[in-house]
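Written out below as structure tokens is the structure these notes cover.
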Amino acid sequence: TYNQMKNLKMIGLLLLTSLKSIAQAYTPVNTNRILVGAFPFQNFTYDARSASLGEAGIAISPDANSALMNPAKLVFLKQDSTQKSKNIGVSLHYTPYYRNLIQGMNLFGGNLFQVKEKKAYGLTVKYFDAGNVAIYGDNREFIKSFQSKEFSINGFYSLKVRQNNSISIGLKYIYSNLSAHSTTQNVSTKPVNAIAGDLYFYHNGRNTKKHWLNYGASLTNIGGKVSYGDYKQRTFQPTLLKLGAAQNFILGKKQNVLMFTVDANKLLLPTPSIRNAQNEVIAGRNEENITGIGTIFQSWGTAPDGLRETMREITFSFGTEFQYRNFLAIRAGYYTQNRLKGDLHYFTLGLGGKLKNFGLDLSYLLPNKKNQILSNTFRVSLNYYLFK
């Protein structure tokens with residue numbers, strides 16, 4: 001069917017870019033040497049609060065969504081001394097994804113955590129439903145259809161190391177099945193299983209009455225290369241460095257808070273090299289000689305155009321939030337990429353509300369270009385947590 005063909009094109013694009021763009025970097029499909037890694041769903045934004053802030057969230061105030069963006073923040077949730085054994089929280093998240101391109105794609109996220117004195121721990125789940133995919137052979141004959149999906153399960157442990165600082169570590173299992181077991185153009189693919197680690201830091205600056213600065217950092221998806229099949233090149237996991245800050249101001253006498261936040265994000269993947277017709281590297285670094293862990297350090301010096309190109313690979317998220325008495329929140333944000341490294345730009349809007357122990361967050365994406373694939377994207381997050 002037509003929808004199945006559209007799904008096939010999308011899955012084909014994901015697979016081909018993951019499998020081939022690193023080995024044959026300077027090709028008509030990646031002339032700007034855009035960074036591509038395995039498991040891109042790991043770096044999607046799942047919670048509606050961060051999504052409505054232009055996808056910034058590494059340094060914003062802690063809430064039940066924090067486990068997905070920066071679980072180090074959880075230790076600063078204000079605990080109820082009468083409910084010490086029940087200081088738990090849970091959140092659920094839903095996003096219909098790429099609906100302007102393909103019907104049936106969805107993101108689901110969730111987390112469950114508990115906070116005790118100076119520590120927190122829990123689990124997060126991310127699930128990417130890529131829809132029903134039809135697989136065709138080399139002669140366009142129908143082979144089979146199946147439910148394409150990816151998911152991860154992450155356990156984390158957070159610890160307050162000083163009065164205003166905290167750290168967190170996480171270990172995750174990742175499963176990716178975009179094309180099942182199939183062979184097209186003499187390339188066989190298979191599901192992928194992988195292990196990766198995460199590191200987080202958070203500084204809670206709320207020690208003044210009228211204004212304070214929070215900041216944070218994360219290094220996520222640290223792991224070895226993976227293979228989607230018998231293709232000779234292995235693909236890097238999407239190791240991501242995030243740095244962020246959030247300035248907060250108290251307005252009026254009713255503890256209303258105005259916040260401005262910014263995140264900078266950099267995929268720590270080698271910039272695809274430029275190769276000649278014999279597949280020899282003529283500019284940049286040979287990606288095959290860089291390990292999955294080594295890319296954290298070596299990726300900064302791989303761009304064929306030098307430091308200037310490396311800096312273009314940094315994306316920025318800007319957001320602002322007004323909280324009225326911890327009851328109602330109004331949010332807006334902006335996300336931007338360099339025009340040579342994806343050229344993705346959009347505004348975001350959002351609302352949040354809390355009633356007793358329940359919270360609801362909504363976000364909506366407003367692209368500044370027509371027919372953008374992320375147009376009409378909305379996110380919904382539902383929270384429940386036993387904190388003051």
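Labels used: A, B, ... for chains in the order of the structure tokens, numbers from 1 for residues in each chain, and numbers from 1 for ligands as shown.
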
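The residues of region 269-320 of chain A that DSSP assigns to strand (DSSP E or B) on this backbone come out as Ile274, Arg275, Val281, Ile282, Ala283, Ile314, Thr315, Phe316, Ser317, Phe318, Gly319 and Thr320 of chain A.
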
Got time to write the residues from that selection, C-alpha atoms, as a short mmCIF file (atom, residue, chain, number, x, y, z; two decimals), in the first residue's frame?
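Ended up saving to again11.cif:
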data_model
loop_
_atom_site.label_atom_id
_atom_site.label_comp_id
_atom_site.auth_asym_id
_atom_site.auth_seq_id
_atom_site.Cartn_x
_atom_site.Cartn_y
_atom_site.Cartn_z
CA ILE A 274 35.80 13.02 2.31
CA ARG A 275 36.78 10.07 0.16
CA VAL A 281 40.28 9.33 2.80
CA ILE A 282 41.44 12.59 1.24
CA ALA A 283 40.24 14.98 3.98
CA ILE A 314 26.57 22.25 17.98
CA THR A 315 22.81 22.76 18.28
CA PHE A 316 21.13 25.19 20.67
CA SER A 317 17.88 25.14 22.62
CA PHE A 318 16.40 28.25 24.25
CA GLY A 319 13.41 28.31 26.58
CA THR A 320 11.46 30.43 29.01
#

*Spatial neighbours of Phe249 (chain A), max dist 12 Å, only C-alpha atoms, sep filter under 6 positions, as a list in words*: Gly205, Arg206, Thr208, Lys209, Lys210, His211, Trp212, Leu213, Asn214, Gln255, Asn256, Val257, Leu258, Met259, Phe260, Thr261, Thr320, Glu321, Phe322 and Gln323 of chain A

*Output as an MDAnalysis selection string all residues of region 263-335 of chain A that backbone DSSP marks as alpha helix (DSSP H).*
chainID A and resid 295:298 307:312

*Minimum-distance residue to Asp305 (chain A), chosen among A:Gly284, A:Ile293, A:Val75, A:Gly216 (using only C-alpha atoms)*: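 Of all the options, A:Gly284 lies closest to Asp305 (chain A).
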